[in-house]
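Engineer: Structure supplied as work.cif; contents: mmCIF, C-alpha atoms (C1' of nucleotides).
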```cif
data_start
loop_
_atom_site.label_atom_id
_atom_site.label_comp_id
_atom_site.auth_asym_id
_atom_site.auth_seq_id
_atom_site.Cartn_x
_atom_site.Cartn_y
_atom_site.Cartn_z
CA MET C 1 -26.15 120.12 0.39
CA PRO C 2 -23.89 117.44 1.90
CA ARG C 3 -20.26 117.65 0.91
CA GLN C 4 -19.06 115.86 -2.24
CA LYS C 5 -17.69 112.43 -1.40
CA ILE C 6 -15.94 111.67 -4.64
CA THR C 7 -15.18 113.42 -7.92
CA THR C 8 -16.14 112.16 -11.37
CA PRO C 9 -12.51 111.52 -12.40
CA GLU C 10 -12.02 109.47 -9.24
CA ILE C 11 -15.07 107.41 -10.10
CA ILE C 12 -13.70 106.80 -13.58
CA GLY C 13 -10.46 105.43 -12.18
CA ILE C 14 -12.38 102.98 -10.02
CA ALA C 15 -14.79 102.06 -12.80
CA ILE C 16 -11.96 101.11 -15.16
CA ASN C 17 -10.74 98.49 -12.75
CA ILE C 18 -14.14 97.04 -11.98
CA PHE C 19 -15.26 96.91 -15.61
CA ARG C 20 -12.10 95.27 -16.88
CA ASN C 21 -12.10 92.65 -14.16
CA ASN C 22 -15.79 91.78 -14.30
CA GLY C 23 -17.03 92.80 -17.72
CA TYR C 24 -19.79 95.25 -18.55
CA HIS C 25 -22.81 93.10 -17.76
CA GLY C 26 -20.98 91.52 -14.86
CA THR C 27 -20.72 94.92 -13.21
CA SER C 28 -23.84 96.33 -11.55
CA MET C 29 -24.49 99.95 -10.70
CA ALA C 30 -24.73 98.92 -7.05
CA ARG C 31 -21.27 97.39 -7.17
CA LEU C 32 -19.74 100.42 -8.83
CA ALA C 33 -21.44 102.67 -6.31
CA LYS C 34 -20.29 100.66 -3.33
CA ALA C 35 -16.68 100.73 -4.55
CA CYS C 36 -17.01 104.52 -4.66
CA GLY C 37 -18.63 104.79 -1.27
CA LEU C 38 -21.95 105.93 -2.74
CA MET C 39 -25.49 104.66 -3.08
CA LYS C 40 -26.43 103.68 -6.60
CA GLY C 41 -28.95 106.48 -6.94
CA SER C 42 -26.18 109.02 -6.43
CA PHE C 43 -24.42 107.82 -9.55
CA TYR C 44 -26.96 109.55 -11.73
CA ASN C 45 -25.58 112.92 -10.65
CA HIS C 46 -22.30 111.98 -12.33
CA PHE C 47 -23.52 109.99 -15.33
CA THR C 48 -26.76 109.68 -17.24
CA SER C 49 -26.73 105.88 -17.49
CA LYS C 50 -24.59 102.79 -17.08
CA GLU C 51 -23.75 102.89 -20.76
CA ASP C 52 -22.64 106.48 -20.29
CA ILE C 53 -20.25 105.43 -17.52
CA LEU C 54 -18.53 102.93 -19.77
CA LEU C 55 -18.31 105.30 -22.71
CA VAL C 56 -16.86 108.10 -20.58
CA THR C 57 -14.48 105.62 -18.99
CA ILE C 58 -13.20 104.32 -22.32
CA LYS C 59 -12.80 107.84 -23.68
CA SER C 60 -10.90 108.82 -20.58
CA LEU C 61 -8.54 105.86 -20.97
CA ASN C 62 -8.20 106.70 -24.65
CA ASP C 63 -7.17 110.28 -23.79
CA TYR C 64 -4.75 109.08 -21.16
CA LEU C 65 -2.97 106.76 -23.56
CA ASN C 66 -2.83 109.41 -26.27
CA GLU C 67 -1.29 111.98 -23.96
CA ARG C 68 0.99 109.77 -21.94
CA ILE C 69 1.99 106.95 -24.25
CA PHE C 70 1.14 107.27 -27.93
CA LYS C 71 2.63 110.77 -28.00
CA ILE C 72 6.02 109.10 -27.65
CA ALA C 73 5.68 107.77 -31.21
CA TYR C 74 6.24 111.30 -32.47
CA ASP C 75 9.21 112.18 -30.22
CA ASN C 76 12.05 112.93 -32.63
CA GLU C 77 14.61 112.96 -29.85
CA LEU C 78 14.36 109.20 -29.58
CA MET C 79 15.27 106.51 -32.09
CA PRO C 80 12.29 104.59 -33.52
CA GLY C 81 13.27 101.46 -31.61
CA GLU C 82 13.48 103.40 -28.37
CA ARG C 83 10.05 104.91 -28.93
CA LEU C 84 8.50 101.51 -29.49
CA GLN C 85 10.23 100.05 -26.46
CA LYS C 86 9.15 102.93 -24.25
CA MET C 87 5.53 102.75 -25.39
CA LEU C 88 5.32 99.00 -24.93
CA ASP C 89 6.86 99.15 -21.46
CA LYS C 90 4.35 101.76 -20.39
CA LEU C 91 1.46 99.86 -21.97
CA SER C 92 2.45 96.69 -20.16
CA HIS C 93 2.08 98.56 -16.87
CA VAL C 94 -1.25 100.15 -17.68
CA LEU C 95 -2.79 97.00 -19.19
CA ARG C 96 -1.52 94.44 -16.69
CA SER C 97 -3.11 91.01 -16.99
CA ASP C 98 -3.34 90.59 -13.24
CA GLN C 99 -5.34 93.82 -13.08
CA GLY C 100 -7.86 92.62 -15.64
CA GLY C 101 -5.84 93.42 -18.75
CA CYS C 102 -7.07 95.80 -21.39
CA LEU C 103 -10.48 97.29 -20.67
CA VAL C 104 -11.13 98.03 -24.31
CA GLY C 105 -10.00 94.62 -25.53
CA ASN C 106 -12.33 92.99 -23.03
CA MET C 107 -15.23 95.24 -23.95
CA THR C 108 -14.64 94.60 -27.65
CA LEU C 109 -15.38 90.94 -27.23
CA GLU C 110 -18.39 91.54 -25.02
CA LEU C 111 -20.04 94.52 -26.69
CA TYR C 112 -18.85 94.84 -30.27
CA ASN C 113 -22.20 93.73 -31.68
CA SER C 114 -24.36 95.59 -29.19
CA SER C 115 -24.48 99.25 -30.27
CA ASN C 116 -22.96 101.51 -32.89
CA GLU C 117 -21.88 104.02 -30.27
CA PHE C 118 -19.83 101.37 -28.46
CA LYS C 119 -18.41 100.14 -31.72
CA ALA C 120 -17.28 103.62 -32.76
CA CYS C 121 -15.73 104.23 -29.37
CA LEU C 122 -13.81 100.95 -29.39
CA GLU C 123 -12.60 101.49 -32.92
CA LYS C 124 -11.30 104.97 -32.18
CA TYR C 125 -9.25 103.62 -29.29
CA PHE C 126 -7.52 101.07 -31.48
CA GLN C 127 -7.20 103.53 -34.35
CA ASP C 128 -5.21 105.94 -32.18
CA TRP C 129 -3.01 103.07 -31.06
CA LEU C 130 -2.58 101.94 -34.64
CA ASN C 131 -1.67 105.44 -35.87
CA ALA C 132 1.10 105.72 -33.30
CA PHE C 133 2.63 102.36 -34.20
CA VAL C 134 2.28 102.96 -37.94
CA HIS C 135 4.17 106.23 -37.52
CA VAL C 136 7.10 104.46 -35.90
CA PHE C 137 7.24 101.60 -38.38
CA SER C 138 7.03 104.10 -41.23
CA GLU C 139 10.54 105.27 -40.45
CA LYS C 140 11.88 101.93 -41.61
CA TYR C 141 9.19 100.43 -43.86
CA LYS C 142 6.94 101.52 -46.69
CA SER C 143 3.42 102.48 -45.70
CA LYS C 144 1.74 99.19 -46.56
CA LYS C 145 4.28 97.11 -44.67
CA ALA C 146 4.27 99.59 -41.78
CA LEU C 147 0.51 99.24 -41.43
CA LYS C 148 0.74 95.47 -41.46
CA LEU C 149 3.47 95.40 -38.82
CA ALA C 150 1.58 97.85 -36.62
CA GLN C 151 -1.55 95.71 -36.76
CA LEU C 152 0.46 92.57 -36.09
CA SER C 153 2.16 94.17 -33.10
CA ILE C 154 -1.10 95.30 -31.52
CA GLN C 155 -2.59 91.86 -32.11
CA GLU C 156 0.32 90.18 -30.42
CA PHE C 157 0.31 92.58 -27.51
CA GLU C 158 -3.43 92.24 -26.92
CA GLY C 159 -3.08 88.47 -27.17
CA ALA C 160 -0.34 88.51 -24.56
CA VAL C 161 -2.38 90.63 -22.17
CA MET C 162 -5.45 88.48 -22.70
CA MET C 163 -3.78 85.10 -22.35
CA GLY C 164 -1.74 86.35 -19.41
CA ARG C 165 -4.85 85.67 -17.35
CA ILE C 166 -4.65 81.98 -18.22
CA PHE C 167 -0.91 81.42 -18.49
CA LYS C 168 0.49 83.09 -15.40
CA ASN C 169 3.86 83.80 -16.92
CA ASP C 170 5.40 87.24 -16.68
CA GLU C 171 8.06 86.37 -19.22
CA LEU C 172 5.57 86.08 -22.05
CA ILE C 173 4.72 89.76 -22.21
CA LYS C 174 8.44 90.47 -22.21
CA ASP C 175 9.03 88.05 -25.06
CA THR C 176 6.20 89.63 -27.01
CA ILE C 177 7.67 93.10 -26.51
CA GLN C 178 11.03 91.78 -27.63
CA ASN C 179 9.54 90.26 -30.78
CA ILE C 180 7.85 93.53 -31.63
CA THR C 181 10.82 95.80 -31.01
CA ALA C 182 13.05 93.49 -33.03
CA ARG C 183 11.15 94.58 -36.13
CA VAL C 184 12.37 98.14 -36.15
CA MET Q 1 -45.98 64.05 -26.81
CA PRO Q 2 -45.28 66.32 -29.78
CA ARG Q 3 -42.38 65.32 -31.97
CA GLN Q 4 -38.88 66.54 -31.09
CA LYS Q 5 -38.06 69.72 -32.98
CA ILE Q 6 -34.35 69.80 -32.38
CA THR Q 7 -31.69 67.64 -30.75
CA THR Q 8 -29.36 68.74 -27.98
CA PRO Q 9 -26.25 68.59 -30.21
CA GLU Q 10 -28.01 70.79 -32.75
CA ILE Q 11 -28.79 73.31 -30.03
CA ILE Q 12 -25.15 73.32 -28.97
CA GLY Q 13 -24.03 74.19 -32.49
CA ILE Q 14 -26.39 77.15 -32.57
CA ALA Q 15 -25.51 78.23 -29.05
CA ILE Q 16 -21.79 78.40 -29.86
CA ASN Q 17 -22.43 80.98 -32.55
CA ILE Q 18 -24.80 83.11 -30.51
CA PHE Q 19 -22.64 83.10 -27.40
CA ARG Q 20 -19.44 83.98 -29.20
CA ASN Q 21 -21.04 86.82 -31.14
CA ASN Q 22 -22.99 88.34 -28.27
CA GLY Q 23 -21.28 87.26 -25.08
CA TYR Q 24 -22.76 85.31 -22.19
CA HIS Q 25 -24.79 88.07 -20.54
CA GLY Q 26 -25.64 89.53 -23.92
CA THR Q 27 -27.41 86.30 -24.83
CA SER Q 28 -30.85 85.67 -23.32
CA MET Q 29 -32.59 82.33 -23.05
CA ALA Q 30 -35.35 83.72 -25.23
CA ARG Q 31 -32.88 84.56 -27.96
CA LEU Q 32 -31.25 81.15 -27.84
CA ALA Q 33 -34.67 79.52 -27.89
CA LYS Q 34 -35.88 81.56 -30.83
CA ALA Q 35 -32.79 80.67 -32.85
CA CYS Q 36 -33.62 77.02 -32.19
CA GLY Q 37 -37.29 77.37 -33.04
CA LEU Q 38 -38.35 76.73 -29.46
CA MET Q 39 -40.00 78.65 -26.62
CA LYS Q 40 -37.63 79.45 -23.79
CA GLY Q 41 -39.42 77.18 -21.35
CA SER Q 42 -38.62 74.22 -23.56
CA PHE Q 43 -34.93 74.77 -23.11
CA TYR Q 44 -35.06 73.35 -19.62
CA ASN Q 45 -35.74 69.92 -21.04
CA HIS Q 46 -32.28 70.02 -22.62
CA PHE Q 47 -30.31 71.92 -19.98
CA THR Q 48 -30.71 72.65 -16.29
CA SER Q 49 -29.77 76.33 -16.52
CA LYS Q 50 -28.22 78.98 -18.71
CA GLU Q 51 -24.87 78.38 -17.03
CA ASP Q 52 -25.26 74.71 -17.87
CA ILE Q 53 -25.76 75.55 -21.54
CA LEU Q 54 -22.52 77.47 -21.71
CA LEU Q 55 -20.54 74.82 -19.83
CA VAL Q 56 -21.86 72.02 -22.03
CA THR Q 57 -21.19 74.14 -25.10
CA ILE Q 58 -17.59 74.85 -24.13
CA LYS Q 59 -16.96 71.21 -23.29
CA SER Q 60 -18.42 70.18 -26.61
CA LEU Q 61 -16.13 72.59 -28.47
CA ASN Q 62 -13.23 71.36 -26.36
CA ASP Q 63 -13.97 67.75 -27.35
CA TYR Q 64 -14.34 68.70 -30.99
CA LEU Q 65 -10.96 70.41 -31.09
CA ASN Q 66 -9.27 67.54 -29.28
CA GLU Q 67 -10.63 64.94 -31.67
CA ARG Q 68 -10.41 66.86 -34.91
CA ILE Q 69 -7.47 69.21 -34.51
CA PHE Q 70 -5.18 68.71 -31.52
CA LYS Q 71 -4.91 65.02 -32.31
CA ILE Q 72 -2.82 66.02 -35.32
CA ALA Q 73 -0.01 67.06 -32.97
CA TYR Q 74 0.63 63.38 -32.30
CA ASP Q 75 0.50 62.17 -35.92
CA ASN Q 76 3.93 60.67 -36.56
CA GLU Q 77 3.30 60.41 -40.27
CA LEU Q 78 3.64 64.17 -40.61
CA MET Q 79 6.68 66.38 -39.99
CA PRO Q 80 6.34 68.69 -36.95
CA GLY Q 81 6.05 71.74 -39.19
CA GLU Q 82 3.29 70.11 -41.20
CA ARG Q 83 1.37 69.23 -38.05
CA LEU Q 84 1.54 72.79 -36.79
CA GLN Q 85 0.50 74.17 -40.17
CA LYS Q 86 -2.42 71.77 -40.43
CA MET Q 87 -3.68 72.53 -36.93
CA LEU Q 88 -3.43 76.28 -37.40
CA ASP Q 89 -5.23 76.17 -40.74
CA LYS Q 90 -8.07 74.19 -39.22
CA LEU Q 91 -8.22 76.45 -36.17
CA SER Q 92 -8.43 79.52 -38.36
CA HIS Q 93 -11.55 78.08 -39.95
CA VAL Q 94 -13.23 77.08 -36.70
CA LEU Q 95 -12.38 80.31 -34.86
CA ARG Q 96 -13.07 82.82 -37.63
CA SER Q 97 -13.15 86.44 -36.51
CA ASP Q 98 -16.11 87.24 -38.71
CA GLN Q 99 -18.06 84.49 -36.96
CA GLY Q 100 -17.35 85.90 -33.52
CA GLY Q 101 -13.87 84.44 -33.07
CA CYS Q 102 -13.01 82.09 -30.26
CA LEU Q 103 -15.90 81.36 -27.92
CA VAL Q 104 -13.60 80.42 -25.08
CA GLY Q 105 -11.33 83.42 -25.52
CA ASN Q 106 -14.36 85.69 -25.40
CA MET Q 107 -15.83 83.95 -22.38
CA THR Q 108 -12.47 84.12 -20.60
CA LEU Q 109 -12.54 87.88 -20.62
CA GLU Q 110 -16.18 88.07 -19.62
CA LEU Q 111 -16.43 85.32 -17.00
CA TYR Q 112 -13.01 84.46 -15.68
CA ASN Q 113 -13.70 86.04 -12.30
CA SER Q 114 -17.29 84.88 -12.01
CA SER Q 115 -17.20 81.23 -10.89
CA ASN Q 116 -14.70 78.49 -10.24
CA GLU Q 117 -16.54 76.08 -12.46
CA PHE Q 118 -16.22 78.42 -15.45
CA LYS Q 119 -12.62 79.07 -14.63
CA ALA Q 120 -11.78 75.36 -14.53
CA CYS Q 121 -13.61 74.77 -17.80
CA LEU Q 122 -11.83 77.62 -19.59
CA GLU Q 123 -8.46 76.52 -18.26
CA LYS Q 124 -8.92 72.94 -19.42
CA TYR Q 125 -9.68 74.14 -22.94
CA PHE Q 126 -6.44 76.11 -23.15
CA GLN Q 127 -4.50 73.38 -21.38
CA ASP Q 128 -5.46 70.84 -24.06
CA TRP Q 129 -4.44 73.31 -26.74
CA LEU Q 130 -1.19 74.00 -24.94
CA ASN Q 131 -0.35 70.30 -24.56
CA ALA Q 132 -0.74 69.75 -28.29
CA PHE Q 133 1.51 72.64 -29.23
CA VAL Q 134 4.10 71.78 -26.58
CA HIS Q 135 4.29 68.28 -27.99
CA VAL Q 136 5.11 69.59 -31.46
CA PHE Q 137 7.67 72.14 -30.28
CA SER Q 138 9.28 69.46 -28.11
CA GLU Q 139 10.56 67.73 -31.22
CA LYS Q 140 12.90 70.62 -31.84
CA TYR Q 141 13.32 72.39 -28.48
CA LYS Q 142 13.96 71.51 -24.87
CA SER Q 143 10.89 71.32 -22.67
CA LYS Q 144 11.17 74.78 -21.13
CA LYS Q 145 11.63 76.49 -24.47
CA ALA Q 146 8.90 74.34 -26.04
CA LEU Q 147 6.44 75.44 -23.37
CA LYS Q 148 7.32 79.07 -23.88
CA LEU Q 149 6.92 78.87 -27.65
CA ALA Q 150 3.62 77.05 -27.33
CA GLN Q 151 2.24 79.72 -25.00
CA LEU Q 152 3.53 82.47 -27.27
CA SER Q 153 1.93 80.85 -30.31
CA ILE Q 154 -1.47 80.52 -28.65
CA GLN Q 155 -1.26 84.11 -27.45
CA GLU Q 156 -0.50 85.35 -30.91
CA PHE Q 157 -3.22 83.27 -32.50
CA GLU Q 158 -5.86 84.37 -29.99
CA GLY Q 159 -4.73 87.96 -30.45
CA ALA Q 160 -5.13 87.64 -34.19
CA VAL Q 161 -8.62 86.20 -33.90
CA MET Q 162 -9.64 88.83 -31.38
CA MET Q 163 -8.25 91.84 -33.23
CA GLY Q 164 -9.56 90.50 -36.50
CA ARG Q 165 -12.89 91.95 -35.44
CA ILE Q 166 -11.39 95.45 -35.40
CA PHE Q 167 -8.83 95.25 -38.21
CA LYS Q 168 -10.71 93.66 -41.06
CA ASN Q 169 -7.65 92.16 -42.66
CA ASP Q 170 -7.55 88.52 -43.69
CA GLU Q 171 -3.82 88.62 -44.24
CA LEU Q 172 -3.07 89.13 -40.58
CA ILE Q 173 -4.16 85.69 -39.48
CA LYS Q 174 -2.06 84.26 -42.30
CA ASP Q 175 0.96 86.28 -41.20
CA THR Q 176 0.48 85.09 -37.66
CA ILE Q 177 0.32 81.46 -38.78
CA GLN Q 178 3.46 81.99 -40.81
CA ASN Q 179 5.30 83.48 -37.84
CA ILE Q 180 4.31 80.52 -35.70
CA THR Q 181 5.18 77.79 -38.18
CA ALA Q 182 8.53 79.46 -38.87
CA ARG Q 183 9.58 78.45 -35.36
CA VAL Q 184 9.65 74.73 -35.97
"C1'" DG F 1 -40.89 67.34 -25.64
"C1'" DT F 2 -43.16 71.56 -26.28
"C1'" DC F 3 -46.23 74.89 -25.04
"C1'" DT F 4 -48.56 78.81 -22.23
"C1'" DA F 5 -48.69 80.90 -18.34
"C1'" DT F 6 -46.52 82.67 -14.10
"C1'" DA F 7 -43.36 83.14 -10.15
"C1'" DT F 8 -39.28 85.38 -8.75
"C1'" DC F 9 -35.60 88.33 -8.71
"C1'" DA F 10 -31.93 91.38 -9.98
"C1'" DA F 11 -30.74 95.59 -11.90
"C1'" DG F 12 -31.21 100.10 -14.23
"C1'" DA F 13 -33.34 104.22 -13.48
"C1'" DT F 14 -36.32 107.94 -11.13
"C1'" DA F 15 -38.59 111.02 -7.37
"C1'" DG F 16 -38.31 113.71 -3.70
"C1'" DA F 17 -36.48 114.75 1.06
"C1'" DC F 18 -32.43 116.65 3.19
"C1'" DG P 1 -24.61 115.96 -4.02
"C1'" DT P 2 -26.28 112.17 -1.45
"C1'" DC P 3 -29.73 109.60 0.50
"C1'" DT P 4 -34.02 106.40 0.92
"C1'" DA P 5 -37.71 104.53 -1.37
"C1'" DT P 6 -39.89 103.11 -5.35
"C1'" DC P 7 -40.86 102.22 -10.17
"C1'" DT P 8 -40.16 99.39 -14.12
"C1'" DT P 9 -38.25 96.13 -16.95
"C1'" DG P 10 -36.13 92.17 -18.60
"C1'" DA P 11 -34.48 87.71 -17.72
"C1'" DT P 12 -33.97 83.16 -15.36
"C1'" DA P 13 -36.53 79.58 -14.04
"C1'" DT P 14 -40.83 76.79 -12.79
"C1'" DA P 15 -45.67 74.59 -13.08
"C1'" DG P 16 -48.85 72.25 -15.33
"C1'" DA P 17 -51.67 71.35 -19.64
"C1'" DC P 18 -51.33 68.94 -24.01
#
```
Produce structure tokens that represent the structure in this file.
Structural biologist:
Amino acid sequence: MPRQKITTPEIIGIAINIFRNNGYHGTSMARLAKACGLMKGSFYNHFTSKEDILLVTIKSLNDYLNERIFKIAYDNELMPGERLQKMLDKLSHVLRSDQGGCLVGNMTLELYNSSNEFKACLEKYFQDWLNAFVHVFSEKYKSKKALKLAQLSIQEFEGAVMMGRIFKNDELIKDTIQNITARV
Amino acid sequence: MPRQKITTPEIIGIAINIFRNNGYHGTSMARLAKACGLMKGSFYNHFTSKEDILLVTIKSLNDYLNERIFKIAYDNELMPGERLQKMLDKLSHVLRSDQGGCLVGNMTLELYNSSNEFKACLEKYFQDWLNAFVHVFSEKYKSKKALKLAQLSIQEFEGAVMMGRIFKNDELIKDTIQNITARV
DNA sequence: GTCTATATCAAGATAGAC
DNA sequence: GTCTATCTTGATATAGAC
């Protein structure tokens, strides 16, 4: 057996960037493989299919955000406004427009109608995000209003990341974060 | 010659809906053809290629919005706030989330890095939108601030349309419109 | 202008050697 | 675990009859 060239987690990190910049159908197995220094046939030792790669990749990103960012929503040592600010700052680094923006947002528009497994995976990602924001807004608002503000904030943030590709203006994401944090 | 089954403008109307619901790569020529009651070979009498169909479709939507919606920005018989409100109401009907949202927003995420011709086409669409909104905000704000608010408003609106697919909540687009119109 | 082939090609996936 | 080679499919596009 030849030595292992790359680990599955390393592949996932590369796949995130290629998928979010080029879309699902715009990314071929050959292209993914080349970026990993492999031949496309070798990919099937790590994943069962192309669809599997994307699903694993999204779940991995989902886990990362839960552990590193959304957890902050429940940190009682910080004020609600500080939690929101900290989460949004971190999100703006992970979901940078000039790096292709939000993988899951992009995939939602491309694949939402394609399969129930994708749909469930995409919805879980946004549900976890929503839960975190609702928790923070709940400290100041009643549950119905908190839900509405959380949805509105995610909408605005995703819009900023998405349109950042067209309007090359770094200030806009900052303004969006400011508008959101001003609510709590 | 058999009689003409469908006109090119009719095809464009159908193509908009299929593309925005299923994405560019997720839409095959056969599927487009079937929806038009044609065989896929017949499509090449109307368009030179699949890429051509999308470009013509986007340009057609662009023209429609310019003539029917963005024109309102320059209607001196209405107050600036009324113009903004009227445009946003009309946009929310044309770009409904439950109909696949904004074709051009969706295509931006899928195809922005694929070809310069697409990129130019997508950018023109948003530029025309931006010009209209900047014009309205300019009645109350200085040019730099007007530009910023126009970009922010488009971001928020696109975000609302996009996330409307995930959060099935009709109130959110209304809240977004209210936030935008409150600025002028 | 539409149809029925068909050419062509790209891409996902598999088999078997090393 | 990776490679080369190959299978198979689905999709764009073309040719030519009606």
Engineer: Up to 8 Å from chain C, what residues of chain Q turn up? Count all atoms listed in the file and give them as a PyMOL selection string.
Structural biologist: chain Q and resi 21-23+25-26+106+109-114+123+126+148+151-152+155-160+162-163+166-167+172+176
Engineer: If we count only C-alpha atoms (C1' of nucleotides), which residues of chain F reach to within 10 Å of chain Q? Please list them as a PDB file with C-alpha atoms (C1' of nucleotides), in the coordinates of the input.
Structural biologist:
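Listing of iface-v2.pdb after writing:
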```pdb
ATOM      1  C1'  DG F   1     -40.890  67.340 -25.640  1.00  0.00           C
ATOM      2  C1'  DT F   2     -43.160  71.560 -26.280  1.00  0.00           C
ATOM      3  C1'  DC F   3     -46.230  74.890 -25.040  1.00  0.00           C
ATOM      4  C1'  DT F   4     -48.560  78.810 -22.230  1.00  0.00           C
TER       5       DT F   4
END
```
Engineer: When you draw a straight line from CA of Asp170 (chain C) to CA of Ile180 (chain Q), how long is it in Å?
Structural biologist: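 Distance between the two atoms: 20.2 Å.
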Engineer: Kindly resolve the PyMOL selection byres ((chain P and resi 9) around 10) on the present coordinates and return the residues as an MDAnalysis selection string.
Structural biologist: (chainID F and resid 11:12) or (chainID P and resid 7:8 10:11)
Engineer: Listing only residues of chain Q within 8 Å of chain P, what is the closest atom pair and its distance in Å (to one decimal) for each, using all atoms listed in the file, sorted by chain and residue number ascending, as JSON lines?
Structural biologist:
```
{"residue": "Q:Met1", "atom": "CA", "partner": "P:DC18", "partner_atom": "C1'", "distance": 7.8}
{"residue": "Q:Ser28", "atom": "CA", "partner": "P:DA11", "partner_atom": "C1'", "distance": 7.0}
{"residue": "Q:Met29", "atom": "CA", "partner": "P:DA11", "partner_atom": "C1'", "distance": 7.8}
{"residue": "Q:Ser49", "atom": "CA", "partner": "P:DA13", "partner_atom": "C1'", "distance": 7.9}
{"residue": "Q:Lys50", "atom": "CA", "partner": "P:DT12", "partner_atom": "C1'", "distance": 7.9}
```
Engineer: Any chance you could work out the residue set of the PyMOL selection byres ((chain Q and resi 53-67) around 10) here, as a PyMOL selection string?
Structural biologist: chain Q and resi 9+11-16+19+24+29+43-44+46-52+68-73+87+90-91+94+103-104+107+117-118+121-122+124-126+128-129+132
Engineer: Suppose you want the space between CA of Phe137 (chain C) and CA of Val184 (chain C); what is it in Å?
Structural biologist: 6.6 Å
Engineer: Using CA of Ser115 (chain C) and CA of Lys34 (chain Q) as the two end points, give the distance in Å to one decimal.
Structural biologist: 21.1 Å
Engineer: Take region 2-14 of chain P from the preceding structure and save N, CA, C and O atoms (P, O5', C5', C4', C3', O3' and C1' of nucleotides) as a short mmCIF file (atom, residue, chain, number, x, y, z; two decimals), in the first residue's frame.
Structural biologist:
```
data_model
loop_
_atom_site.label_atom_id
_atom_site.label_comp_id
_atom_site.auth_asym_id
_atom_site.auth_seq_id
_atom_site.Cartn_x
_atom_site.Cartn_y
_atom_site.Cartn_z
P DT P 2 -5.11 8.09 -0.69
"O5'" DT P 2 -4.52 7.64 -2.09
"C5'" DT P 2 -3.11 7.50 -2.24
"C4'" DT P 2 -2.80 6.96 -3.61
"C3'" DT P 2 -3.51 7.68 -4.76
"O3'" DT P 2 -2.55 8.30 -5.60
"C1'" DT P 2 -3.64 5.31 -5.01
P DC P 3 -3.01 9.06 -6.93
"O5'" DC P 3 -2.86 7.95 -8.07
"C5'" DC P 3 -1.57 7.38 -8.33
"C4'" DC P 3 -1.71 6.20 -9.28
"C3'" DC P 3 -2.43 6.54 -10.59
"O3'" DC P 3 -1.49 6.82 -11.61
"C1'" DC P 3 -3.25 4.47 -9.64
P DT P 4 -2.07 7.42 -13.02
"O5'" DT P 4 -2.53 6.13 -13.82
"C5'" DT P 4 -1.63 5.03 -14.04
"C4'" DT P 4 -2.35 3.95 -14.83
"C3'" DT P 4 -3.00 4.45 -16.12
"O3'" DT P 4 -2.77 3.50 -17.16
"C1'" DT P 4 -4.64 3.47 -14.73
P DA P 5 -3.30 3.81 -18.65
"O5'" DA P 5 -4.65 2.97 -18.72
"C5'" DA P 5 -4.70 1.67 -18.14
"C4'" DA P 5 -6.10 1.09 -18.28
"C3'" DA P 5 -6.84 1.56 -19.54
"O3'" DA P 5 -7.44 0.43 -20.16
"C1'" DA P 5 -8.13 2.05 -17.59
P DT P 6 -8.35 0.64 -21.50
"O5'" DT P 6 -9.81 0.50 -20.89
"C5'" DT P 6 -10.04 -0.47 -19.85
"C4'" DT P 6 -11.47 -0.33 -19.34
"C3'" DT P 6 -12.50 -0.01 -20.43
"O3'" DT P 6 -13.58 -0.92 -20.28
"C1'" DT P 6 -12.73 1.47 -18.62
P DC P 7 -14.66 -1.09 -21.45
"O5'" DC P 7 -16.00 -0.92 -20.61
"C5'" DC P 7 -16.06 -1.49 -19.30
"C4'" DC P 7 -17.16 -0.80 -18.50
"C3'" DC P 7 -18.44 -0.55 -19.31
"O3'" DC P 7 -19.54 -1.07 -18.59
"C1'" DC P 7 -17.71 1.44 -18.23
P DT P 8 -20.93 -1.23 -19.38
"O5'" DT P 8 -21.62 0.13 -18.96
"C5'" DT P 8 -21.56 0.54 -17.59
"C4'" DT P 8 -22.27 1.86 -17.45
"C3'" DT P 8 -23.41 2.05 -18.46
"O3'" DT P 8 -24.60 2.23 -17.72
"C1'" DT P 8 -21.94 3.93 -18.44
P DT P 9 -25.97 2.49 -18.46
"O5'" DT P 9 -26.15 4.05 -18.15
"C5'" DT P 9 -25.65 4.58 -16.91
"C4'" DT P 9 -25.69 6.08 -16.95
"C3'" DT P 9 -26.90 6.66 -17.69
"O3'" DT P 9 -27.42 7.70 -16.88
"C1'" DT P 9 -24.91 7.59 -18.55
P DG P 10 -28.98 8.08 -17.06
"O5'" DG P 10 -28.83 9.65 -17.21
"C5'" DG P 10 -27.84 10.35 -16.43
"C4'" DG P 10 -27.45 11.60 -17.15
"C3'" DG P 10 -28.62 12.29 -17.87
"O3'" DG P 10 -28.48 13.68 -17.66
"C1'" DG P 10 -26.90 11.87 -19.42
P DA P 11 -29.70 14.65 -17.93
"O5'" DA P 11 -28.95 15.86 -18.62
"C5'" DA P 11 -27.57 16.10 -18.38
"C4'" DA P 11 -26.97 16.78 -19.58
"C3'" DA P 11 -27.99 17.56 -20.43
"O3'" DA P 11 -27.53 18.86 -20.68
"C1'" DA P 11 -26.73 16.07 -21.78
P DT P 12 -28.39 19.93 -21.42
"O5'" DT P 12 -27.42 20.51 -22.55
"C5'" DT P 12 -26.06 20.81 -22.23
"C4'" DT P 12 -25.25 20.78 -23.50
"C3'" DT P 12 -25.80 21.69 -24.61
"O3'" DT P 12 -24.74 22.49 -25.11
"C1'" DT P 12 -25.47 19.49 -25.43
P DA P 13 -25.13 23.73 -26.11
"O5'" DA P 13 -25.07 23.04 -27.54
"C5'" DA P 13 -23.89 22.32 -27.89
"C4'" DA P 13 -24.16 21.49 -29.13
"C3'" DA P 13 -24.86 22.22 -30.29
"O3'" DA P 13 -23.93 22.37 -31.36
"C1'" DA P 13 -25.69 20.00 -29.99
P DT P 14 -24.40 23.04 -32.74
"O5'" DT P 14 -24.65 21.79 -33.69
"C5'" DT P 14 -23.72 20.70 -33.65
"C4'" DT P 14 -24.12 19.65 -34.66
"C3'" DT P 14 -24.64 20.19 -35.99
"O3'" DT P 14 -24.03 19.44 -37.04
"C1'" DT P 14 -26.20 18.69 -35.07
#
```
